[in-house]
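One structure is given below, encoded as structure tokens.
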Amino acid sequence: MDERLQKILAQAGICSRRAAEELIRTGQVTVDGRVVTEMGLKVDPKRQKIMAKGQPVGFSEKKVYVLLNKPEGFVTTLHDPQGRPIVTSLLQKVPERIFPVGRLDFDTKGALLLTNDGDLAQQVQHPRFEVNKTYVARVTGKPSAAELRQLEEGLEVEGRLTAPAQVKVRKAAAKESVIEITIHEGRKRQVRKMFTAIGHHVTELTRIAYGNLQLGSLKPGKFRFLSQADIGRIFHKDKKTPPVPSGKSAKGRGPGPRNKKPQAK
Ligand code: URA
């Protein structure tokens, strides 16, 4: 059956759909030996030969979902020009070609979702689904009530207001405090920049949850496979997110809120 080329690449576990579009745009994809740069070309992956970055695109129907406790000192890209360690080196026991969903800074640790399901990756990152991410930030000094309210209500970071956040104080002391913060946006180094904006420097940052999917007792550098129920926890009860899946999706390709459209705001 003919499918859009970027969708085929994402479903084959090459990368997310957005990254697939970039591969196509930059002339790194061929179909039957011809470089394809136009977007939206429909291709039959069973009959046509698709290559991405010079490699044949293989199809594993099995979708896998992994939660890694990323240690500090690893990048979440699949290739690092500076030669720093990459997170997938911690997942060599996973035979499928999985890729990280979104990013976590080199110096941030904690929950990192990886999958070969490009559609799910796109949904987790799509702003309309407003998937919450919860972090524990160790910061210098003791943020005042007014400063914490700024985090909660939204503040200006690089000329743009942040969306409201949930904030919980775990420890407050004059020298150093520990604050739990939940946001649904995914701007680069957002949590660090939010604390910088209120005058407190983040000295340690750990992501502890996506939605209601908790990192729990998973040790740094270790991973676990996620069940359908786990995936449902990512898209927790917020009314803008799809309902928790109760089984295989209609296409039988694993847990799937991904084919549902978000409800209108
Ligand atoms: N916010 C940050 O500042 N860093 C991360 O890695 C994730 C969110």
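Residue names in the structure tokens use chain letters A, B, ... in the order shown, residue numbers from 1 in each chain, and ligand numbers from 1 in the order shown.
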Produce as JSON, numbers by chain the set of residues near ligand 1, where near means within 10 Å with only C-alpha atoms and all ligand atoms considered. {"A": [72, 75, 76, 102, 103, 104, 105, 106, 107, 108, 109, 110, 112, 133, 134, 135, 137, 182, 183, 184, 185, 186, 187, 188, 189, 190, 191, 192, 193, 194, 195, 196, 202, 204, 205, 206, 207]}
I need the alpha helix (DSSP H) residues of stretch 27-265 of chain A per DSSP on the backbone, written as JSON, numbers by chain. {"A": [118, 119, 120, 121, 122, 123, 124, 125, 145, 146, 147, 148, 149, 150, 151, 152, 153, 190, 191, 192, 193, 194, 195, 196, 197, 228, 229, 230, 231, 232, 233, 234]}
Check the DSSP output for the backbone and give back, as a list in words, the residues of stretch 49-134 of chain A in strand (DSSP E). Ile50, Met51, Ala52, Gln55, Pro56, Tyr65, Val66, Leu67, Leu68, Asn69, Lys70, Phe99, Pro100, Thr108, Lys109, Gly110, Ala111, Leu112, Leu113, Leu114, Thr115, Lys133 and Thr134 of chain A
Include N, CA, C and O atoms and write out the residues we just selected as a JSON list (two decimals), in the first residue's frame.
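Writing the result to result31.json gives the following:
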[["chain", "number", "residue", "atom", "x", "y", "z"],
["A", 50, "ILE", "N", 13.77, 1.62, -0.81],
["A", 50, "ILE", "CA", 13.99, 2.91, -0.15],
["A", 50, "ILE", "C", 15.32, 2.85, 0.60],
["A", 50, "ILE", "O", 15.61, 1.87, 1.30],
["A", 51, "MET", "N", 16.12, 3.90, 0.39],
["A", 51, "MET", "CA", 17.39, 3.98, 1.11],
["A", 51, "MET", "C", 17.43, 5.31, 1.86],
["A", 51, "MET", "O", 17.02, 6.34, 1.32],
["A", 52, "ALA", "N", 17.93, 5.29, 3.08],
["A", 52, "ALA", "CA", 18.11, 6.54, 3.83],
["A", 52, "ALA", "C", 19.56, 6.58, 4.28],
["A", 52, "ALA", "O", 20.06, 5.61, 4.86],
["A", 55, "GLN", "N", 21.65, 3.64, 3.49],
["A", 55, "GLN", "CA", 21.32, 2.34, 4.06],
["A", 55, "GLN", "C", 19.90, 1.93, 3.64],
["A", 55, "GLN", "O", 19.00, 2.78, 3.64],
["A", 56, "PRO", "N", 19.71, 0.63, 3.33],
["A", 56, "PRO", "CA", 18.35, 0.21, 2.99],
["A", 56, "PRO", "C", 17.43, 0.36, 4.22],
["A", 56, "PRO", "O", 17.86, 0.14, 5.35],
["A", 65, "TYR", "N", 9.06, 0.18, 23.11],
["A", 65, "TYR", "CA", 9.03, 1.41, 23.90],
["A", 65, "TYR", "C", 9.89, 1.17, 25.13],
["A", 65, "TYR", "O", 9.66, 0.21, 25.86],
["A", 66, "VAL", "N", 10.87, 2.04, 25.31],
["A", 66, "VAL", "CA", 11.85, 1.82, 26.38],
["A", 66, "VAL", "C", 11.95, 3.08, 27.24],
["A", 66, "VAL", "O", 11.90, 4.20, 26.73],
["A", 67, "LEU", "N", 12.06, 2.87, 28.55],
["A", 67, "LEU", "CA", 12.33, 4.00, 29.44],
["A", 67, "LEU", "C", 13.74, 3.80, 29.99],
["A", 67, "LEU", "O", 14.03, 2.79, 30.63],
["A", 68, "LEU", "N", 14.60, 4.78, 29.72],
["A", 68, "LEU", "CA", 15.99, 4.72, 30.18],
["A", 68, "LEU", "C", 16.18, 5.75, 31.29],
["A", 68, "LEU", "O", 15.64, 6.85, 31.22],
["A", 69, "ASN", "N", 16.95, 5.39, 32.29],
["A", 69, "ASN", "CA", 17.40, 6.40, 33.26],
["A", 69, "ASN", "C", 18.74, 6.92, 32.73],
["A", 69, "ASN", "O", 19.78, 6.32, 32.93],
["A", 70, "LYS", "N", 18.65, 8.02, 32.00],
["A", 70, "LYS", "CA", 19.85, 8.57, 31.36],
["A", 70, "LYS", "C", 20.78, 9.16, 32.41],
["A", 70, "LYS", "O", 20.38, 10.01, 33.19],
["A", 99, "PHE", "N", 15.07, 5.31, 18.83],
["A", 99, "PHE", "CA", 15.65, 6.65, 18.90],
["A", 99, "PHE", "C", 14.98, 7.42, 20.04],
["A", 99, "PHE", "O", 13.84, 7.12, 20.42],
["A", 100, "PRO", "N", 15.70, 8.38, 20.61],
["A", 100, "PRO", "CA", 15.14, 9.12, 21.75],
["A", 100, "PRO", "C", 13.98, 10.01, 21.32],
["A", 100, "PRO", "O", 13.99, 10.58, 20.24],
["A", 108, "THR", "N", 21.84, 16.71, 31.99],
["A", 108, "THR", "CA", 20.59, 16.38, 32.69],
["A", 108, "THR", "C", 20.46, 14.87, 32.72],
["A", 108, "THR", "O", 20.86, 14.18, 31.78],
["A", 109, "LYS", "N", 19.89, 14.36, 33.81],
["A", 109, "LYS", "CA", 19.72, 12.91, 33.91],
["A", 109, "LYS", "C", 18.25, 12.56, 34.07],
["A", 109, "LYS", "O", 17.40, 13.44, 34.20],
["A", 110, "GLY", "N", 17.97, 11.25, 34.07],
["A", 110, "GLY", "CA", 16.62, 10.82, 34.36],
["A", 110, "GLY", "C", 15.88, 10.21, 33.20],
["A", 110, "GLY", "O", 16.49, 9.70, 32.25],
["A", 111, "ALA", "N", 14.53, 10.31, 33.27],
["A", 111, "ALA", "CA", 13.65, 9.56, 32.37],
["A", 111, "ALA", "C", 13.81, 10.00, 30.91],
["A", 111, "ALA", "O", 13.62, 11.17, 30.59],
["A", 112, "LEU", "N", 14.14, 9.04, 30.07],
["A", 112, "LEU", "CA", 14.21, 9.29, 28.63],
["A", 112, "LEU", "C", 13.50, 8.14, 27.91],
["A", 112, "LEU", "O", 13.85, 6.98, 28.08],
["A", 113, "LEU", "N", 12.50, 8.52, 27.15],
["A", 113, "LEU", "CA", 11.73, 7.55, 26.38],
["A", 113, "LEU", "C", 12.41, 7.33, 25.04],
["A", 113, "LEU", "O", 12.83, 8.29, 24.39],
["A", 114, "LEU", "N", 12.53, 6.06, 24.62],
["A", 114, "LEU", "CA", 13.07, 5.75, 23.30],
["A", 114, "LEU", "C", 12.12, 4.76, 22.63],
["A", 114, "LEU", "O", 11.55, 3.89, 23.30],
["A", 115, "THR", "N", 11.97, 4.88, 21.33],
["A", 115, "THR", "CA", 11.07, 4.00, 20.61],
["A", 115, "THR", "C", 11.44, 3.95, 19.14],
["A", 115, "THR", "O", 12.20, 4.80, 18.66],
["A", 133, "LYS", "N", 6.04, 16.94, 31.75],
["A", 133, "LYS", "CA", 7.33, 16.36, 32.12],
["A", 133, "LYS", "C", 7.69, 16.93, 33.48],
["A", 133, "LYS", "O", 7.58, 18.15, 33.68],
["A", 134, "THR", "N", 8.05, 16.07, 34.40],
["A", 134, "THR", "CA", 8.35, 16.55, 35.76],
["A", 134, "THR", "C", 9.84, 16.41, 36.03],
["A", 134, "THR", "O", 10.44, 15.36, 35.74]]
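Going from atom CA of A:Gln6 to atom CA of A:Ala19 covers 8.6 Å.
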As number ranges by chain, please: the residues near A:Val57 (cut-off 10 Å, only C-alpha atoms, same-chain neighbours under 4 positions excluded). A: 8-9, 12-14, 29, 45, 49-53
Between atom CA of A:Val64 and atom CA of A:Ile98, what is the spacing in Å?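 Going from atom CA of A:Ile98 over to atom CA of A:Val64, I get 7.7 Å.
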Give me the stretch 111-229 of chain A side of the contact with stretch 91-94 of chain A, cut-off 10 Å, one line per residue showing its nearest atom pair and distance in Å at one decimal, counting only C-alpha atoms, sorted by chain and residue number, as a Markdown table.
| residue | atom | partner | partner_atom | distance |
| --- | --- | --- | --- | --- |
| A:Leu114 | CA | A:Leu91 | CA | 9.6 |
| A:Gly221 | CA | A:Leu91 | CA | 9.0 |
| A:Lys222 | CA | A:Leu91 | CA | 8.5 |
| A:Phe223 | CA | A:Leu91 | CA | 7.7 |
| A:Arg224 | CA | A:Leu91 | CA | 10.0 |
| A:Phe225 | CA | A:Val94 | CA | 9.5 |
Mind dumping the selected residues with all heavy atoms as a PDB file, in the first residue's frame?
ATOM      1  N   LEU A 114      12.527   6.063  24.623  1.00  0.00           N
ATOM      2  CA  LEU A 114      13.067   5.748  23.296  1.00  0.00           C
ATOM      3  C   LEU A 114      12.124   4.757  22.631  1.00  0.00           C
ATOM      4  O   LEU A 114      11.547   3.895  23.305  1.00  0.00           O
ATOM      5  CB  LEU A 114      14.465   5.127  23.386  1.00  0.00           C
ATOM      6  CG  LEU A 114      15.531   6.033  23.992  1.00  0.00           C
ATOM      7  CD1 LEU A 114      15.819   5.632  25.421  1.00  0.00           C
ATOM      8  CD2 LEU A 114      16.826   5.982  23.182  1.00  0.00           C
ATOM      9  N   GLY A 221      21.572   4.582  33.974  1.00  0.00           N
ATOM     10  CA  GLY A 221      22.164   3.725  32.946  1.00  0.00           C
ATOM     11  C   GLY A 221      21.340   2.490  32.632  1.00  0.00           C
ATOM     12  O   GLY A 221      21.643   1.769  31.681  1.00  0.00           O
ATOM     13  N   LYS A 222      20.287   2.238  33.429  1.00  0.00           N
ATOM     14  CA  LYS A 222      19.450   1.049  33.199  1.00  0.00           C
ATOM     15  C   LYS A 222      18.174   1.451  32.457  1.00  0.00           C
ATOM     16  O   LYS A 222      17.750   2.600  32.507  1.00  0.00           O
ATOM     17  CB  LYS A 222      19.058   0.394  34.532  1.00  0.00           C
ATOM     18  CG  LYS A 222      20.245  -0.067  35.336  1.00  0.00           C
ATOM     19  CD  LYS A 222      20.862  -1.299  34.719  1.00  0.00           C
ATOM     20  CE  LYS A 222      22.091  -1.741  35.485  1.00  0.00           C
ATOM     21  NZ  LYS A 222      22.982  -2.594  34.714  1.00  0.00           N
ATOM     22  N   PHE A 223      17.561   0.444  31.815  1.00  0.00           N
ATOM     23  CA  PHE A 223      16.324   0.726  31.094  1.00  0.00           C
ATOM     24  C   PHE A 223      15.318  -0.382  31.342  1.00  0.00           C
ATOM     25  O   PHE A 223      15.690  -1.467  31.810  1.00  0.00           O
ATOM     26  CB  PHE A 223      16.603   0.877  29.595  1.00  0.00           C
ATOM     27  CG  PHE A 223      17.027  -0.402  28.920  1.00  0.00           C
ATOM     28  CD1 PHE A 223      16.094  -1.267  28.374  1.00  0.00           C
ATOM     29  CD2 PHE A 223      18.376  -0.755  28.837  1.00  0.00           C
ATOM     30  CE1 PHE A 223      16.485  -2.446  27.759  1.00  0.00           C
ATOM     31  CE2 PHE A 223      18.779  -1.924  28.221  1.00  0.00           C
ATOM     32  CZ  PHE A 223      17.830  -2.782  27.676  1.00  0.00           C
ATOM     33  N   ARG A 224      14.063  -0.096  31.035  1.00  0.00           N
ATOM     34  CA  ARG A 224      13.051  -1.153  31.054  1.00  0.00           C
ATOM     35  C   ARG A 224      12.110  -0.962  29.872  1.00  0.00           C
ATOM     36  O   ARG A 224      11.951   0.160  29.360  1.00  0.00           O
ATOM     37  CB  ARG A 224      12.286  -1.169  32.376  1.00  0.00           C
ATOM     38  CG  ARG A 224      11.343  -0.011  32.603  1.00  0.00           C
ATOM     39  CD  ARG A 224      10.593  -0.225  33.929  1.00  0.00           C
ATOM     40  NE  ARG A 224       9.719   0.869  34.265  1.00  0.00           N
ATOM     41  CZ  ARG A 224       8.448   0.944  33.898  1.00  0.00           C
ATOM     42  NH1 ARG A 224       7.910   0.001  33.144  1.00  0.00           N
ATOM     43  NH2 ARG A 224       7.698   1.974  34.259  1.00  0.00           N
ATOM     44  N   PHE A 225      11.531  -2.087  29.393  1.00  0.00           N
ATOM     45  CA  PHE A 225      10.547  -2.005  28.319  1.00  0.00           C
ATOM     46  C   PHE A 225       9.218  -1.552  28.908  1.00  0.00           C
ATOM     47  O   PHE A 225       8.879  -1.914  30.042  1.00  0.00           O
ATOM     48  CB  PHE A 225      10.391  -3.365  27.622  1.00  0.00           C
ATOM     49  CG  PHE A 225      11.575  -3.711  26.771  1.00  0.00           C
ATOM     50  CD1 PHE A 225      12.579  -4.546  27.251  1.00  0.00           C
ATOM     51  CD2 PHE A 225      11.697  -3.181  25.489  1.00  0.00           C
ATOM     52  CE1 PHE A 225      13.693  -4.839  26.476  1.00  0.00           C
ATOM     53  CE2 PHE A 225      12.804  -3.475  24.711  1.00  0.00           C
ATOM     54  CZ  PHE A 225      13.806  -4.295  25.196  1.00  0.00           C
TER      55      PHE A 225
END
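Excluding A:Val43 itself and any same-chain residue fewer than 3 positions from it, the protein and nucleic acid residues within 9 Å of it, counting only C-alpha atoms, are A:Met1, A:Asp2, A:Glu3, A:Arg4, A:Leu5, A:Ile8, A:Val31, A:Lys46, A:Arg47, A:Gln48, A:Ile50.
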At what distance in Å, to one decimal, does atom CA of A:Gly211 lie from atom CA of A:Leu161?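 Taking atom CA of A:Leu161 and atom CA of A:Gly211, their separation equals 21.9 Å.
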Which residue is closest to A:Asn116? Choose from A:Arg17, A:Arg233, A:His79, A:Lys171 and count only C-alpha atoms.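 Distance minimum relative to A:Asn116 lands on A:Arg17.
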Do you know which residues are at most 12 Å from A:Arg149 counting only C-alpha atoms, after dropping those on the same chain fewer than 2 positions away, and could you put them as a compact mmCIF listing (two decimals) with N, CA, C and O atoms, in the first residue's frame?
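This went into selection_32.txt:
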# COMPACT_ATOMS: atom_id res chain seq x y z
N PRO A 143 14.53 30.20 46.48
CA PRO A 143 13.56 31.02 45.74
C PRO A 143 12.44 31.51 46.67
O PRO A 143 11.94 30.74 47.51
N SER A 144 12.09 32.77 46.52
CA SER A 144 11.02 33.33 47.36
C SER A 144 9.67 32.87 46.84
O SER A 144 9.56 32.36 45.71
N ALA A 145 8.63 33.12 47.64
CA ALA A 145 7.27 32.75 47.21
C ALA A 145 6.92 33.48 45.92
O ALA A 145 6.29 32.90 45.01
N ALA A 146 7.33 34.74 45.81
CA ALA A 146 7.00 35.51 44.59
C ALA A 146 7.72 34.92 43.37
O ALA A 146 7.15 34.84 42.28
N GLU A 147 8.97 34.48 43.57
CA GLU A 147 9.71 33.89 42.46
C GLU A 147 9.07 32.56 42.02
O GLU A 147 8.95 32.28 40.82
N LEU A 151 7.33 31.25 38.30
CA LEU A 151 7.50 29.97 37.58
C LEU A 151 6.13 29.38 37.27
O LEU A 151 5.87 28.87 36.18
N GLU A 152 5.25 29.44 38.28
CA GLU A 152 3.92 28.82 38.13
C GLU A 152 3.06 29.53 37.10
O GLU A 152 2.34 28.91 36.32
N GLU A 153 3.15 30.85 37.10
CA GLU A 153 2.25 31.63 36.24
C GLU A 153 2.80 31.82 34.83
O GLU A 153 2.04 32.15 33.91
N GLY A 154 4.11 31.64 34.67
CA GLY A 154 4.74 31.86 33.37
C GLY A 154 5.62 33.09 33.43
O GLY A 154 5.24 34.09 34.04
N LEU A 155 6.79 32.98 32.84
CA LEU A 155 7.70 34.13 32.83
C LEU A 155 8.39 34.19 31.47
O LEU A 155 8.31 33.26 30.67
N PRO A 164 2.05 28.06 32.06
CA PRO A 164 2.01 27.81 33.50
C PRO A 164 2.63 26.47 33.87
O PRO A 164 2.53 25.50 33.12
N ALA A 165 3.30 26.46 35.02
CA ALA A 165 3.98 25.25 35.49
C ALA A 165 3.45 24.89 36.88
O ALA A 165 2.86 25.73 37.56
N GLN A 166 3.63 23.62 37.26
CA GLN A 166 3.32 23.24 38.64
C GLN A 166 4.64 23.16 39.40
O GLN A 166 5.60 22.58 38.89
N VAL A 167 4.63 23.71 40.60
CA VAL A 167 5.88 23.80 41.35
C VAL A 167 5.65 23.29 42.77
O VAL A 167 4.63 23.59 43.39
N LYS A 168 6.59 22.47 43.24
CA LYS A 168 6.52 21.94 44.60
C LYS A 168 7.90 22.09 45.24
O LYS A 168 8.90 21.72 44.61
N VAL A 169 7.94 22.62 46.44
CA VAL A 169 9.24 22.78 47.12
C VAL A 169 9.53 21.50 47.90
O VAL A 169 8.75 21.10 48.75
N ILE A 181 9.37 20.60 39.49
CA ILE A 181 8.65 21.46 38.54
C ILE A 181 8.11 20.63 37.38
O ILE A 181 8.81 19.77 36.84
N MET A 194 14.37 28.86 33.03
CA MET A 194 13.31 29.40 33.90
C MET A 194 13.88 29.76 35.27
O MET A 194 13.56 30.81 35.84
N PHE A 195 14.74 28.89 35.79
CA PHE A 195 15.34 29.20 37.11
C PHE A 195 16.32 30.36 37.00
O PHE A 195 16.37 31.21 37.88
N ILE A 198 14.62 33.63 37.32
CA ILE A 198 14.24 34.11 38.66
C ILE A 198 15.48 34.23 39.57
O ILE A 198 15.36 34.39 40.78
Residues within 9 Å of A:Leu213, please, as an MDAnalysis selection string. Count only C-alpha atoms; anything in the same chain fewer than 2 positions from it doesn't count. chainID A and resid 208:211 215:216 230:236
Same residues, N, CA, C and O atoms, saved as a PDB file, in the first residue's frame:
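In the end it all went to out.pdb:
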ATOM      1  N   ILE A 208      11.953  13.175  36.299  1.00  0.00           N
ATOM      2  CA  ILE A 208      11.459  12.014  37.055  1.00  0.00           C
ATOM      3  C   ILE A 208      10.172  11.428  36.476  1.00  0.00           C
ATOM      4  O   ILE A 208       9.774  10.336  36.874  1.00  0.00           O
ATOM      5  N   ALA A 209       9.530  12.115  35.551  1.00  0.00           N
ATOM      6  CA  ALA A 209       8.289  11.547  34.986  1.00  0.00           C
ATOM      7  C   ALA A 209       7.901  12.204  33.677  1.00  0.00           C
ATOM      8  O   ALA A 209       8.186  13.380  33.441  1.00  0.00           O
ATOM      9  N   TYR A 210       7.254  11.383  32.826  1.00  0.00           N
ATOM     10  CA  TYR A 210       6.484  11.883  31.669  1.00  0.00           C
ATOM     11  C   TYR A 210       5.038  11.637  32.048  1.00  0.00           C
ATOM     12  O   TYR A 210       4.660  10.475  32.270  1.00  0.00           O
ATOM     13  N   GLY A 211       4.231  12.650  32.127  1.00  0.00           N
ATOM     14  CA  GLY A 211       2.847  12.452  32.566  1.00  0.00           C
ATOM     15  C   GLY A 211       2.861  11.720  33.891  1.00  0.00           C
ATOM     16  O   GLY A 211       3.547  12.123  34.830  1.00  0.00           O
ATOM     17  N   LEU A 215       9.831   7.524  36.697  1.00  0.00           N
ATOM     18  CA  LEU A 215      11.138   6.873  36.577  1.00  0.00           C
ATOM     19  C   LEU A 215      11.279   5.783  37.644  1.00  0.00           C
ATOM     20  O   LEU A 215      11.866   4.732  37.415  1.00  0.00           O
ATOM     21  N   GLY A 216      10.725   6.040  38.810  1.00  0.00           N
ATOM     22  CA  GLY A 216      10.731   5.055  39.902  1.00  0.00           C
ATOM     23  C   GLY A 216      12.132   4.688  40.338  1.00  0.00           C
ATOM     24  O   GLY A 216      13.016   5.547  40.403  1.00  0.00           O
ATOM     25  N   ASP A 230       1.824   1.444  30.602  1.00  0.00           N
ATOM     26  CA  ASP A 230       2.838   2.492  30.824  1.00  0.00           C
ATOM     27  C   ASP A 230       2.660   3.631  29.818  1.00  0.00           C
ATOM     28  O   ASP A 230       2.738   4.800  30.175  1.00  0.00           O
ATOM     29  N   ILE A 231       2.457   3.261  28.543  1.00  0.00           N
ATOM     30  CA  ILE A 231       2.298   4.291  27.508  1.00  0.00           C
ATOM     31  C   ILE A 231       1.069   5.151  27.825  1.00  0.00           C
ATOM     32  O   ILE A 231       1.089   6.374  27.690  1.00  0.00           O
ATOM     33  N   GLY A 232       0.014   4.480  28.282  1.00  0.00           N
ATOM     34  CA  GLY A 232      -1.191   5.230  28.660  1.00  0.00           C
ATOM     35  C   GLY A 232      -0.912   6.239  29.758  1.00  0.00           C
ATOM     36  O   GLY A 232      -1.509   7.319  29.785  1.00  0.00           O
ATOM     37  N   ARG A 233       0.006   5.899  30.645  1.00  0.00           N
ATOM     38  CA  ARG A 233       0.320   6.825  31.758  1.00  0.00           C
ATOM     39  C   ARG A 233       0.989   8.113  31.266  1.00  0.00           C
ATOM     40  O   ARG A 233       0.909   9.131  31.925  1.00  0.00           O
ATOM     41  N   ILE A 234       1.680   8.019  30.139  1.00  0.00           N
ATOM     42  CA  ILE A 234       2.314   9.235  29.590  1.00  0.00           C
ATOM     43  C   ILE A 234       1.235  10.251  29.240  1.00  0.00           C
ATOM     44  O   ILE A 234       1.335  11.432  29.543  1.00  0.00           O
ATOM     45  N   PHE A 235       0.158   9.723  28.596  1.00  0.00           N
ATOM     46  CA  PHE A 235      -0.948  10.606  28.189  1.00  0.00           C
ATOM     47  C   PHE A 235      -1.978  10.570  29.303  1.00  0.00           C
ATOM     48  O   PHE A 235      -3.023   9.965  29.165  1.00  0.00           O
ATOM     49  N   HIS A 236      -1.639  11.154  30.409  1.00  0.00           N
ATOM     50  CA  HIS A 236      -2.508  10.996  31.582  1.00  0.00           C
ATOM     51  C   HIS A 236      -3.776  11.814  31.444  1.00  0.00           C
ATOM     52  O   HIS A 236      -4.044  12.401  30.405  1.00  0.00           O
TER      53      HIS A 236
END
From A:Ala10, A:Val131, A:Val178, A:Ala197, residue lying nearest A:Gln150 [only C-alpha atoms]: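 For A:Gln150, the nearest of the given residues is A:Ala197.
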Smallest atom-to-atom distance to A:Gly40: which of A:Glu21, A:Val157, A:Gln82, A:Gly58, using only C-alpha atoms?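 For A:Gly40, the nearest of the candidates is A:Glu21.
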